[in-house]
file my_file.tsv (TSV, C-alpha atoms and all ligand atoms)
chain	number	residue	atom	x	y	z
B	1	MET	CA	106.86	77.10	0.17
B	2	LYS	CA	104.73	74.63	2.08
B	3	PRO	CA	101.22	75.53	3.32
B	4	LYS	CA	102.41	74.99	6.92
B	5	LYS	CA	104.95	77.82	6.60
B	6	VAL	CA	102.38	80.13	5.02
B	7	GLU	CA	99.93	79.40	7.82
B	8	GLU	CA	102.60	80.40	10.33
B	9	LEU	CA	103.63	83.55	8.47
B	10	LEU	CA	100.06	84.75	8.05
B	11	GLU	CA	98.84	83.34	11.37
B	12	LEU	CA	95.95	81.59	9.67
B	13	THR	CA	94.42	78.15	10.05
B	14	ARG	CA	94.39	75.85	7.02
B	15	PRO	CA	90.65	76.32	6.29
B	16	THR	CA	90.92	80.13	6.50
B	17	LEU	CA	93.98	80.07	4.26
B	18	LEU	CA	92.17	77.98	1.65
B	19	GLN	CA	89.14	80.23	1.87
B	20	ARG	CA	91.28	83.33	1.32
B	21	ILE	CA	92.87	81.84	-1.77
B	22	LYS	CA	89.37	81.27	-3.15
B	23	ASP	CA	88.03	84.67	-2.10
B	24	HIS	CA	90.87	86.46	-3.83
B	25	ASP	CA	90.99	84.17	-6.78
B	26	LEU	CA	94.72	83.54	-6.38
B	27	ASP	CA	96.37	81.20	-8.80
B	28	VAL	CA	98.50	79.06	-6.45
B	29	PRO	CA	100.01	76.03	-8.25
B	30	LYS	CA	99.49	72.53	-6.85
B	31	THR	CA	101.61	69.39	-6.62
B	32	ASN	CA	100.35	66.10	-8.10
B	33	SER	CA	98.96	65.21	-4.71
B	34	GLY	CA	96.95	68.43	-4.65
B	35	GLU	CA	98.99	70.36	-2.10
B	36	ASN	CA	99.45	74.07	-2.76
B	37	VAL	CA	102.93	75.30	-3.58
B	38	PHE	CA	103.23	78.90	-2.45
B	39	ARG	CA	105.67	81.55	-3.61
B	40	TRP	CA	106.45	84.79	-1.79
B	41	LYS	CA	104.28	86.49	-4.36
B	42	HIS	CA	101.23	84.64	-3.00
B	43	VAL	CA	102.20	85.21	0.62
B	44	ILE	CA	102.58	88.95	0.01
B	45	GLN	CA	99.28	89.07	-1.84
B	46	LEU	CA	97.55	87.13	0.94
B	47	GLN	CA	99.16	89.21	3.67
B	48	PHE	CA	97.93	92.42	2.10
B	49	ASN	CA	94.53	91.22	1.04
B	50	ALA	CA	92.94	92.95	3.96
B	51	LYS	CA	94.48	96.16	2.66
B	52	TYR	CA	93.84	95.47	-1.03
B	53	SER	CA	90.95	97.84	-1.38
B	54	TYR	CA	93.06	100.49	0.32
B	55	ILE	CA	95.89	99.96	-2.15
B	56	GLN	CA	93.54	99.96	-5.11
B	57	ASN	CA	92.03	103.26	-4.07
B	58	MET	CA	95.17	105.00	-2.86
B	59	ASN	CA	97.06	107.65	-4.83
B	60	THR	CA	100.45	106.75	-6.23
B	61	LYS	CA	103.14	106.65	-3.58
B	62	VAL	CA	106.60	107.86	-4.60
B	63	ILE	CA	109.38	106.61	-2.34
B	64	SER	CA	113.09	107.49	-2.53
B	65	ILE	CA	115.77	105.31	-1.06
B	66	CYS	CA	118.65	107.52	-0.01
B	67	GLN	CA	121.85	107.53	1.96
B	68	ASN	CA	125.04	109.39	1.19
B	69	LYS	CA	127.17	106.42	2.10
B	70	GLY	CA	127.85	103.91	-0.69
B	71	GLY	CA	127.43	100.17	-0.41
B	72	VAL	CA	124.71	100.27	2.25
B	73	GLY	CA	122.15	98.48	0.10
B	74	LYS	CA	120.14	101.25	-1.58
B	75	THR	CA	120.07	99.61	-4.99
B	76	THR	CA	119.61	96.11	-3.56
B	77	SER	CA	116.69	97.31	-1.47
B	78	VAL	CA	115.02	99.08	-4.38
B	79	ILE	CA	115.19	95.85	-6.38
B	80	ASN	CA	113.70	93.71	-3.63
B	81	LEU	CA	111.15	96.16	-2.26
B	82	ALA	CA	109.94	97.10	-5.74
B	83	THR	CA	109.51	93.41	-6.52
B	84	ALA	CA	107.37	93.00	-3.40
B	85	PHE	CA	105.32	96.09	-4.27
B	86	SER	CA	104.84	94.85	-7.81
B	87	TYR	CA	103.00	91.80	-6.42
B	88	LEU	CA	100.45	94.28	-5.09
B	89	GLY	CA	100.21	96.91	-7.80
B	90	LYS	CA	101.85	98.34	-10.88
B	91	THR	CA	105.29	99.57	-9.87
B	92	LEU	CA	107.90	101.80	-11.52
B	93	VAL	CA	111.53	101.99	-10.45
B	94	ILE	CA	113.67	104.96	-11.42
B	95	ASP	CA	117.45	104.74	-11.67
B	96	LEU	CA	118.84	108.16	-10.74
B	97	ASP	CA	122.42	106.96	-10.41
B	98	GLY	CA	124.75	107.36	-13.41
B	99	GLN	CA	126.49	104.16	-12.31
B	100	SER	CA	123.29	102.44	-13.49
B	101	ASN	CA	123.50	99.61	-10.94
B	102	LEU	CA	119.73	99.44	-10.66
B	103	SER	CA	119.32	99.13	-14.44
B	104	GLN	CA	122.02	96.45	-14.51
B	105	GLY	CA	120.33	94.72	-11.57
B	106	PHE	CA	117.33	94.25	-13.85
B	107	ASP	CA	119.64	93.16	-16.67
B	108	VAL	CA	119.20	96.37	-18.62
B	109	TYR	CA	122.48	97.55	-20.20
B	110	LEU	CA	122.06	100.56	-22.46
B	111	ASN	CA	124.10	102.09	-25.24
B	112	GLU	CA	124.67	105.82	-25.39
B	113	GLU	CA	122.01	106.20	-28.10
B	114	ASP	CA	119.26	104.27	-26.27
B	115	TYR	CA	116.68	106.39	-24.49
B	116	SER	CA	117.51	106.78	-20.82
B	117	ILE	CA	116.70	109.20	-18.05
B	118	SER	CA	118.81	112.12	-19.32
B	119	ASP	CA	116.99	112.00	-22.66
B	120	VAL	CA	113.74	112.21	-20.75
B	121	PHE	CA	115.09	115.22	-18.86
B	122	GLU	CA	115.96	116.84	-22.21
B	123	ASN	CA	112.62	116.01	-23.77
B	124	THR	CA	109.80	114.80	-21.53
B	125	GLU	CA	107.89	113.51	-24.56
B	126	VAL	CA	110.13	110.43	-24.77
B	127	VAL	CA	109.40	109.22	-21.24
B	128	ASN	CA	107.30	106.25	-22.30
B	129	ASP	CA	109.89	105.28	-24.91
B	130	ALA	CA	112.53	105.16	-22.21
B	131	ILE	CA	110.52	103.10	-19.69
B	132	ARG	CA	111.06	99.35	-20.01
B	133	GLN	CA	108.84	96.58	-18.79
B	134	ILE	CA	110.70	94.17	-16.48
B	135	ASN	CA	107.83	91.80	-15.72
B	136	ASP	CA	104.02	91.76	-15.45
B	137	ASN	CA	103.75	94.63	-13.04
B	138	LEU	CA	107.24	96.09	-12.83
B	139	TYR	CA	108.71	98.86	-15.00
B	140	LEU	CA	112.10	100.60	-15.09
B	141	LEU	CA	113.19	104.07	-16.14
B	142	PRO	CA	116.86	103.25	-16.75
B	143	ASN	CA	120.04	105.28	-16.50
B	144	HIS	CA	123.23	105.52	-18.52
B	145	LEU	CA	126.58	107.02	-17.59
B	146	LYS	CA	125.90	109.97	-19.93
B	147	PHE	CA	123.62	111.23	-17.14
B	148	GLU	CA	126.75	112.37	-15.26
B	149	ARG	CA	127.63	114.67	-18.17
B	150	TRP	CA	124.06	115.93	-18.29
B	151	LYS	CA	124.19	116.74	-14.57
B	152	LYS	CA	127.40	118.76	-15.00
B	153	ASN	CA	125.91	120.74	-17.88
B	154	ASN	CA	122.67	121.48	-16.04
B	155	LYS	CA	124.02	122.19	-12.58
B	156	GLY	CA	122.99	125.55	-11.24
B	157	ASP	CA	119.83	125.79	-13.32
B	158	THR	CA	117.22	126.22	-10.60
B	159	LYS	CA	114.51	124.53	-12.65
B	160	THR	CA	116.54	121.33	-12.97
B	161	VAL	CA	115.77	120.12	-9.46
B	162	PHE	CA	112.06	119.96	-10.28
B	163	ILE	CA	112.31	118.13	-13.61
B	164	LEU	CA	111.67	114.70	-12.16
B	165	LYS	CA	108.68	115.98	-10.21
B	166	LYS	CA	107.29	117.44	-13.44
B	167	ILE	CA	107.78	114.19	-15.33
B	168	LEU	CA	106.20	112.10	-12.60
B	169	LYS	CA	103.18	114.38	-12.60
B	170	LYS	CA	102.63	113.26	-16.18
B	171	ILE	CA	103.02	109.51	-15.72
B	172	LYS	CA	102.34	108.92	-12.02
B	173	HIS	CA	98.70	107.90	-12.38
B	174	ASP	CA	99.80	104.81	-14.35
B	175	TYR	CA	101.44	103.30	-11.25
B	176	LYS	CA	100.62	102.48	-7.63
B	177	PHE	CA	104.20	102.59	-6.40
B	178	ILE	CA	107.24	104.46	-7.69
B	179	LEU	CA	110.63	103.75	-6.11
B	180	ILE	CA	113.65	105.93	-6.80
B	181	ASP	CA	117.23	104.71	-6.41
B	182	THR	CA	119.66	107.56	-5.72
B	183	PRO	CA	123.47	107.77	-5.85
B	184	SER	CA	125.63	107.88	-2.73
B	185	SER	CA	126.17	111.62	-2.80
B	186	LEU	CA	124.34	114.71	-1.65
B	187	ASP	CA	123.95	116.07	-5.17
B	188	LEU	CA	121.43	117.12	-7.81
B	189	SER	CA	120.08	113.54	-8.17
B	190	LEU	CA	119.16	113.41	-4.52
B	191	GLU	CA	117.45	116.81	-4.62
B	192	MET	CA	115.50	115.82	-7.72
B	193	ALA	CA	114.43	112.58	-6.09
B	194	LEU	CA	113.35	114.18	-2.84
B	195	TYR	CA	111.35	116.95	-4.51
B	196	ALA	CA	109.53	114.28	-6.50
B	197	SER	CA	108.81	111.99	-3.51
B	198	ASN	CA	106.14	111.55	-0.88
B	199	TYR	CA	108.42	109.49	1.33
B	200	CYS	CA	112.04	108.62	1.81
B	201	ILE	CA	113.63	105.62	3.44
B	202	ILE	CA	117.23	105.40	4.63
B	203	PRO	CA	119.17	102.13	4.68
B	204	PHE	CA	121.86	101.94	7.30
B	205	GLU	CA	124.73	99.51	7.66
B	206	PRO	CA	125.86	99.14	11.27
B	207	GLN	CA	129.56	100.00	10.96
B	208	PRO	CA	131.77	102.23	13.07
B	209	PHE	CA	131.58	105.84	11.75
B	210	SER	CA	128.31	105.27	9.93
B	211	LEU	CA	126.28	106.97	12.67
B	212	GLU	CA	127.75	110.36	11.70
B	213	GLY	CA	126.53	109.86	8.14
B	214	ILE	CA	122.90	109.62	9.25
B	215	THR	CA	122.98	113.15	10.60
B	216	ASN	CA	124.24	114.44	7.23
B	217	ILE	CA	121.51	112.80	5.22
B	218	LEU	CA	118.81	113.81	7.72
B	219	ASP	CA	120.01	117.44	7.60
B	220	GLU	CA	119.90	117.37	3.81
B	221	ILE	CA	116.37	115.94	3.76
B	222	GLU	CA	115.20	118.45	6.36
B	223	SER	CA	116.59	121.38	4.39
B	224	ILE	CA	114.54	120.19	1.42
B	225	GLN	CA	111.45	119.63	3.56
B	226	ASP	CA	111.78	123.25	4.69
B	227	ASN	CA	111.27	124.63	1.19
B	228	ASP	CA	107.86	126.26	1.51
B	229	ASP	CA	107.92	127.66	-2.02
B	230	ILE	CA	106.54	124.50	-3.57
B	231	ILE	CA	102.86	123.78	-3.60
B	232	ASN	CA	101.62	120.33	-2.56
B	233	PHE	CA	105.03	119.33	-1.29
B	234	ASP	CA	104.80	116.95	1.59
B	235	LEU	CA	107.91	114.83	2.00
B	236	LYS	CA	108.00	112.47	4.96
B	237	ILE	CA	110.93	110.47	6.29
B	238	LEU	CA	109.41	107.03	6.80
B	239	GLY	CA	112.45	105.84	8.73
B	240	ILE	CA	115.84	104.22	8.79
B	241	PHE	CA	116.25	100.49	8.37
B	242	ILE	CA	119.27	98.45	9.31
B	243	ASN	CA	120.75	96.42	6.48
B	244	MET	CA	123.49	93.78	6.47
B	245	TYR	CA	122.75	93.12	10.10
B	246	GLU	CA	125.07	90.65	11.83
B	247	LYS	CA	124.37	89.40	15.27
B	248	ASN	CA	127.63	90.22	16.99
B	249	ASN	CA	128.60	92.78	19.61
B	250	LEU	CA	129.31	95.59	17.22
B	251	GLY	CA	126.28	94.99	14.97
B	252	THR	CA	123.96	94.76	17.95
B	253	GLN	CA	125.40	97.76	19.78
B	254	ILE	CA	125.35	100.12	16.82
B	255	SER	CA	121.86	98.97	15.86
B	256	GLU	CA	120.63	99.69	19.37
B	257	VAL	CA	122.08	103.19	19.34
B	258	VAL	CA	120.46	103.92	15.97
B	259	SER	CA	117.08	102.65	17.16
B	260	GLU	CA	117.28	104.77	20.30
B	261	ARG	CA	118.32	107.95	18.56
B	262	PHE	CA	116.37	107.81	15.30
B	263	ASN	CA	113.06	106.73	13.84
B	264	THR	CA	113.99	103.15	12.90
B	265	PHE	CA	112.04	100.27	11.37
B	266	LYS	CA	111.73	97.19	13.56
B	267	THR	CA	112.81	94.92	10.70
B	268	LYS	CA	116.52	94.47	10.17
B	269	ILE	CA	117.71	92.96	6.88
B	270	ARG	CA	120.24	90.34	7.83
B	271	LYS	CA	123.51	89.98	5.97
B	272	THR	CA	122.81	87.02	3.68
B	273	VAL	CA	124.98	85.57	0.91
B	274	ALA	CA	121.89	84.79	-1.14
B	275	VAL	CA	121.38	88.55	-1.62
B	276	GLN	CA	124.59	88.81	-3.63
B	277	GLN	CA	124.07	85.50	-5.38
B	278	ALA	CA	120.60	86.63	-6.45
B	279	GLN	CA	122.02	89.87	-7.81
B	280	ALA	CA	124.64	88.00	-9.79
B	281	VAL	CA	121.90	86.21	-11.70
B	282	LYS	CA	119.53	89.25	-11.76
B	283	VAL	CA	116.76	87.61	-9.79
B	284	PRO	CA	114.95	89.22	-6.83
B	285	ILE	CA	115.59	87.51	-3.51
B	286	PHE	CA	111.96	86.31	-3.27
B	287	GLU	CA	112.42	84.27	-6.40
B	288	PHE	CA	116.05	83.28	-5.94
B	289	ASP	CA	115.97	81.60	-2.53
B	290	GLU	CA	112.61	81.69	-0.84
B	291	ASN	CA	114.01	80.21	2.36
B	292	SER	CA	116.71	82.83	2.81
B	293	ASN	CA	116.68	85.14	5.81
B	294	ALA	CA	116.78	88.16	3.54
B	295	ALA	CA	113.56	87.14	1.73
B	296	LEU	CA	111.75	86.93	5.06
B	297	ASP	CA	113.29	90.24	6.19
B	298	TYR	CA	112.38	92.11	3.00
B	299	TYR	CA	108.85	90.71	3.29
B	300	ASN	CA	108.59	92.07	6.84
B	301	LEU	CA	110.06	95.41	5.79
B	302	THR	CA	107.54	95.71	2.95
B	303	PHE	CA	104.79	95.12	5.47
B	304	GLU	CA	106.17	97.74	7.85
B	305	ILE	CA	106.59	100.32	5.08
B	306	LEU	CA	103.00	99.84	3.93
B	307	GLU	CA	101.70	100.07	7.47
B	308	LYS	CA	103.54	103.36	7.92
B	309	ILE	CA	102.23	104.70	4.61
B	310	ILE	CA	98.70	103.75	5.56
B	311	GLU	CA	99.07	105.42	8.97
B	312	ALA	CA	100.81	108.51	7.60
G	1	LIG	N1	121.45	92.14	3.24
G	1	LIG	C1	122.55	91.96	2.50
G	1	LIG	N2	123.31	90.86	2.68
G	1	LIG	C2	124.43	90.66	1.95
G	1	LIG	N3	124.86	91.49	1.00
G	1	LIG	C3	124.16	92.62	0.78
G	1	LIG	C4	122.97	92.91	1.50
G	1	LIG	N4	122.49	94.09	1.05
G	1	LIG	C5	123.33	94.51	0.08
G	1	LIG	N5	124.33	93.65	-0.09
G	1	LIG	C6	125.47	93.74	-1.03
G	1	LIG	O1	126.21	94.91	-0.73
G	1	LIG	C7	126.72	95.49	-1.92
G	1	LIG	C8	126.31	96.95	-1.98
G	1	LIG	O2	124.90	97.05	-2.12
G	1	LIG	P1	124.21	98.15	-3.03
G	1	LIG	O3	122.75	97.88	-3.00
G	1	LIG	O4	124.86	98.23	-4.36
G	1	LIG	O5	124.54	99.48	-2.20
G	1	LIG	P2	124.35	101.02	-2.59
G	1	LIG	O6	123.34	101.08	-3.68
G	1	LIG	O7	123.88	101.67	-1.33
G	1	LIG	O8	125.69	101.53	-3.01
G	1	LIG	C9	126.17	94.68	-3.08
G	1	LIG	O9	127.16	93.77	-3.49
G	1	LIG	C10	125.00	93.92	-2.47
G	1	LIG	O10	124.80	92.68	-3.10
G	2	MG	MG	123.47	101.95	-5.60
call {"tool": "encode", "arguments": {"input": "my_file.tsv", "output": "structure tokens", "more": "lines below"}}
Ligand SMILES: Nc1ncnc2c1ncn2[C@@H]1O[C@H](COP(=O)(O)OP(=O)(O)O)[C@@H](O)[C@H]1O
Ligand SMILES: [Mg+2]
result
Amino acid sequence: MKPKKVEELLELTRPTLLQRIKDHDLDVPKTNSGENVFRWKHVIQLQFNAKYSYIQNMNTKVISICQNKGGVGKTTSVINLATAFSYLGKTLVIDLDGQSNLSQGFDVYLNEEDYSISDVFENTEVVNDAIRQINDNLYLLPNHLKFERWKKNNKGDTKTVFILKKILKKIKHDYKFILIDTPSSLDLSLEMALYASNYCIIPFEPQPFSLEGITNILDEIESIQDNDDIINFDLKILGIFINMYEKNNLGTQISEVVSERFNTFKTKIRKTVAVQQAQAVKVPIFEFDENSNAALDYYNLTFEILEKIIEA
């Protein structure tokens, strides 16, 4: 990315930009002619520099991405948001879906005998054996289809819903951000995720009939928020964000209704082919096509999420 674009994104003049790079000791590569070549990583780091000390001093934030409708972009958003967060602090993603799309999205394909989340639920001691490092600052607690069997066997045990919360209590302090990907159903995984989270975020695809689904997921979250039996439980709905936005009558109309009726993020993630192409080669959008609309949108969404967390 050229310095001109970074100046525009960050609303900085060239001298201030150069000064900031120096102040924060950022390692921005240069061309032969000495011009900086920026990546989204640098832009995100520069954008949040003002908040860096806040992030360094803040407690771990656990965020669930949930929506009972499938194919709305939960997994995709966990991949891209977690990547953005990992540029700012050590980040863990947790795959709570037996379909294991998140694990596969990071190119992690497990065999039955490899440690995965259900083994950790059986024996919390193996948690650090199950967690895999994806890159410098990004870690994954992967899933395997055997989790579905585990869920069936453990359904109805009232302690089960708090297992993830218990595990996170043990390892949380190692990370700044923890993002949880949940399946598209109102089941045990979702309850586990919500009890373990500080915040939840709901992706929404503007389609006919999808408005009704929002009420279901909000009711479910509210019923969990109402559980006063748990100490230190403070789950907040950060908001709904529109994904796969297309500027046409239907997309615009449904998006407007959602924004009027619910607490909605300003940023919409536009429908962008590069999102799927990036997933096919297991690369986050910021590194796959830095000029794509979706990279810019996920950058803006990251910014909005952090602002809301800081305000909350
Ligand atoms: N903004 C987007 N633009 C284009 N395709 C998208 C976008 N977001 C998600 N997708 C695609 O939609 C499909 C479903 O997304 P996914 O994240 O798996 O949904 P979920 O986890 O909610 O079931 C995937 O093929 C993904 O690549
Ligand atoms: Mg998914």
call {"tool": "residues_around", "arguments": {"input": "my_file.tsv", "residues": "segment 200-214 of chain B", "least_positions_apart": "6", "cutoff": "8 Å", "atoms": "only C-alpha atoms", "output": "count of residues only"}}
result
27
call {"tool": "residues_near_ligand", "arguments": {"input": "my_file.tsv", "ligand": "ligand MG 2 (chain G)", "cutoff": "10 Å", "atoms": "only C-alpha atoms and all ligand atoms", "output": "PyMOL selection string"}}
result
chain B and resi 65-67+69-78+95-102+105+181-184
call {"tool": "closest_residue", "arguments": {"input": "my_file.tsv", "among": "B:Asn80, B:Thr16, B:Ser197, B:Thr91", "to": "ligand LIG 1 (chain G)", "atoms": "all atoms listed in the file"}}
result
B:Asn80
call {"tool": "closest_residue", "arguments": {"input": "my_file.tsv", "among": "B:Gln47, B:Ser259, B:Asn32, B:Asn248", "to": "Asn300 of chain B", "atoms": "only C-alpha atoms"}}
result
B:Gln47
call {"tool": "atom_distance", "arguments": {"input": "my_file.tsv", "atom1": "atom CA of Lys41 of chain B", "atom2": "atom CA of Gln133 of chain B"}}
result
18.2 Å
call {"tool": "residues_around", "arguments": {"input": "my_file.tsv", "residues": "segment 286-298 of chain B", "least_positions_apart": "4", "cutoff": "7 Å", "atoms": "all atoms listed in the file", "output": "JSON, numbers by chain"}}
result
{"B": [40, 80, 81, 267, 268, 269, 270, 272, 274, 275, 278, 302]}
call {"tool": "decode", "arguments": {"input": "my_file.tsv", "residues": "segment 242-274 of chain B", "atoms": "N, CA and C atoms", "output": "PDB file, in the first residue's frame"}}
result
ATOM      1  N   ILE B 242     -23.745  -5.861   9.296  1.00  0.00           N
ATOM      2  CA  ILE B 242     -24.252  -6.382   8.036  1.00  0.00           C
ATOM      3  C   ILE B 242     -23.084  -6.924   7.220  1.00  0.00           C
ATOM      4  N   ASN B 243     -23.240  -8.159   6.763  1.00  0.00           N
ATOM      5  CA  ASN B 243     -22.212  -8.798   5.945  1.00  0.00           C
ATOM      6  C   ASN B 243     -22.797  -9.111   4.573  1.00  0.00           C
ATOM      7  N   MET B 244     -21.920  -9.281   3.610  1.00  0.00           N
ATOM      8  CA  MET B 244     -22.309  -9.582   2.229  1.00  0.00           C
ATOM      9  C   MET B 244     -23.280  -8.524   1.709  1.00  0.00           C
ATOM     10  N   TYR B 245     -22.957  -7.296   2.053  1.00  0.00           N
ATOM     11  CA  TYR B 245     -23.808  -6.184   1.631  1.00  0.00           C
ATOM     12  C   TYR B 245     -23.677  -5.950   0.131  1.00  0.00           C
ATOM     13  N   GLU B 246     -24.833  -5.806  -0.526  1.00  0.00           N
ATOM     14  CA  GLU B 246     -24.850  -5.452  -1.945  1.00  0.00           C
ATOM     15  C   GLU B 246     -25.729  -4.240  -2.105  1.00  0.00           C
ATOM     16  N   LYS B 247     -25.183  -3.286  -2.847  1.00  0.00           N
ATOM     17  CA  LYS B 247     -25.934  -2.041  -3.000  1.00  0.00           C
ATOM     18  C   LYS B 247     -26.999  -2.226  -4.076  1.00  0.00           C
ATOM     19  N   ASN B 248     -28.133  -2.765  -3.666  1.00  0.00           N
ATOM     20  CA  ASN B 248     -29.288  -2.826  -4.558  1.00  0.00           C
ATOM     21  C   ASN B 248     -30.508  -2.559  -3.686  1.00  0.00           C
ATOM     22  N   ASN B 249     -31.686  -2.517  -4.293  1.00  0.00           N
ATOM     23  CA  ASN B 249     -32.859  -2.125  -3.504  1.00  0.00           C
ATOM     24  C   ASN B 249     -33.064  -2.976  -2.264  1.00  0.00           C
ATOM     25  N   LEU B 250     -32.998  -4.290  -2.486  1.00  0.00           N
ATOM     26  CA  LEU B 250     -33.276  -5.195  -1.379  1.00  0.00           C
ATOM     27  C   LEU B 250     -32.230  -5.060  -0.272  1.00  0.00           C
ATOM     28  N   GLY B 251     -30.950  -5.121  -0.678  1.00  0.00           N
ATOM     29  CA  GLY B 251     -29.854  -5.020   0.291  1.00  0.00           C
ATOM     30  C   GLY B 251     -29.966  -3.740   1.103  1.00  0.00           C
ATOM     31  N   THR B 252     -30.227  -2.640   0.409  1.00  0.00           N
ATOM     32  CA  THR B 252     -30.286  -1.345   1.077  1.00  0.00           C
ATOM     33  C   THR B 252     -31.494  -1.278   2.009  1.00  0.00           C
ATOM     34  N   GLN B 253     -32.647  -1.728   1.490  1.00  0.00           N
ATOM     35  CA  GLN B 253     -33.869  -1.653   2.309  1.00  0.00           C
ATOM     36  C   GLN B 253     -33.756  -2.480   3.582  1.00  0.00           C
ATOM     37  N   ILE B 254     -33.340  -3.723   3.426  1.00  0.00           N
ATOM     38  CA  ILE B 254     -33.266  -4.591   4.618  1.00  0.00           C
ATOM     39  C   ILE B 254     -32.231  -4.036   5.596  1.00  0.00           C
ATOM     40  N   SER B 255     -31.111  -3.550   5.068  1.00  0.00           N
ATOM     41  CA  SER B 255     -30.081  -2.995   5.948  1.00  0.00           C
ATOM     42  C   SER B 255     -30.613  -1.803   6.726  1.00  0.00           C
ATOM     43  N   GLU B 256     -31.420  -0.988   6.060  1.00  0.00           N
ATOM     44  CA  GLU B 256     -31.985   0.183   6.751  1.00  0.00           C
ATOM     45  C   GLU B 256     -32.909  -0.241   7.885  1.00  0.00           C
ATOM     46  N   VAL B 257     -33.744  -1.241   7.600  1.00  0.00           N
ATOM     47  CA  VAL B 257     -34.673  -1.708   8.641  1.00  0.00           C
ATOM     48  C   VAL B 257     -33.892  -2.234   9.840  1.00  0.00           C
ATOM     49  N   VAL B 258     -32.858  -3.018   9.577  1.00  0.00           N
ATOM     50  CA  VAL B 258     -32.052  -3.576  10.674  1.00  0.00           C
ATOM     51  C   VAL B 258     -31.432  -2.452  11.501  1.00  0.00           C
ATOM     52  N   SER B 259     -30.864  -1.459  10.815  1.00  0.00           N
ATOM     53  CA  SER B 259     -30.209  -0.368  11.532  1.00  0.00           C
ATOM     54  C   SER B 259     -31.207   0.429  12.363  1.00  0.00           C
ATOM     55  N   GLU B 260     -32.437   0.543  11.868  1.00  0.00           N
ATOM     56  CA  GLU B 260     -33.441   1.299  12.631  1.00  0.00           C
ATOM     57  C   GLU B 260     -33.891   0.531  13.867  1.00  0.00           C
ATOM     58  N   ARG B 261     -34.039  -0.790  13.676  1.00  0.00           N
ATOM     59  CA  ARG B 261     -34.657  -1.574  14.757  1.00  0.00           C
ATOM     60  C   ARG B 261     -33.656  -2.088  15.788  1.00  0.00           C
ATOM     61  N   PHE B 262     -32.401  -2.276  15.380  1.00  0.00           N
ATOM     62  CA  PHE B 262     -31.444  -2.912  16.279  1.00  0.00           C
ATOM     63  C   PHE B 262     -30.168  -2.091  16.400  1.00  0.00           C
ATOM     64  N   ASN B 263     -29.387  -2.446  17.410  1.00  0.00           N
ATOM     65  CA  ASN B 263     -28.089  -1.830  17.630  1.00  0.00           C
ATOM     66  C   ASN B 263     -27.106  -2.374  16.571  1.00  0.00           C
ATOM     67  N   THR B 264     -26.827  -1.537  15.559  1.00  0.00           N
ATOM     68  CA  THR B 264     -26.080  -2.019  14.393  1.00  0.00           C
ATOM     69  C   THR B 264     -24.783  -1.223  14.209  1.00  0.00           C
ATOM     70  N   PHE B 265     -23.736  -1.911  13.836  1.00  0.00           N
ATOM     71  CA  PHE B 265     -22.474  -1.229  13.514  1.00  0.00           C
ATOM     72  C   PHE B 265     -22.654  -0.396  12.244  1.00  0.00           C
ATOM     73  N   LYS B 266     -21.934   0.699  12.172  1.00  0.00           N
ATOM     74  CA  LYS B 266     -22.006   1.542  10.966  1.00  0.00           C
ATOM     75  C   LYS B 266     -21.381   0.820   9.772  1.00  0.00           C
ATOM     76  N   THR B 267     -20.301   0.076  10.030  1.00  0.00           N
ATOM     77  CA  THR B 267     -19.590  -0.597   8.937  1.00  0.00           C
ATOM     78  C   THR B 267     -20.388  -1.773   8.400  1.00  0.00           C
ATOM     79  N   LYS B 268     -20.512  -1.809   7.081  1.00  0.00           N
ATOM     80  CA  LYS B 268     -21.087  -2.985   6.437  1.00  0.00           C
ATOM     81  C   LYS B 268     -19.947  -3.676   5.696  1.00  0.00           C
ATOM     82  N   ILE B 269     -19.890  -5.017   5.773  1.00  0.00           N
ATOM     83  CA  ILE B 269     -18.882  -5.738   4.999  1.00  0.00           C
ATOM     84  C   ILE B 269     -19.502  -6.035   3.632  1.00  0.00           C
ATOM     85  N   ARG B 270     -18.897  -5.476   2.618  1.00  0.00           N
ATOM     86  CA  ARG B 270     -19.469  -5.671   1.281  1.00  0.00           C
ATOM     87  C   ARG B 270     -19.212  -7.079   0.756  1.00  0.00           C
ATOM     88  N   LYS B 271     -20.132  -7.557  -0.063  1.00  0.00           N
ATOM     89  CA  LYS B 271     -19.947  -8.850  -0.703  1.00  0.00           C
ATOM     90  C   LYS B 271     -18.785  -8.712  -1.684  1.00  0.00           C
ATOM     91  N   THR B 272     -17.760  -9.506  -1.514  1.00  0.00           N
ATOM     92  CA  THR B 272     -16.520  -9.331  -2.278  1.00  0.00           C
ATOM     93  C   THR B 272     -15.971 -10.710  -2.644  1.00  0.00           C
ATOM     94  N   VAL B 273     -15.730 -10.938  -3.921  1.00  0.00           N
ATOM     95  CA  VAL B 273     -15.217 -12.265  -4.330  1.00  0.00           C
ATOM     96  C   VAL B 273     -13.914 -12.614  -3.640  1.00  0.00           C
ATOM     97  N   ALA B 274     -13.095 -11.594  -3.402  1.00  0.00           N
ATOM     98  CA  ALA B 274     -11.778 -11.850  -2.796  1.00  0.00           C
ATOM     99  C   ALA B 274     -11.901 -12.563  -1.452  1.00  0.00           C
TER     100      ALA B 274
END
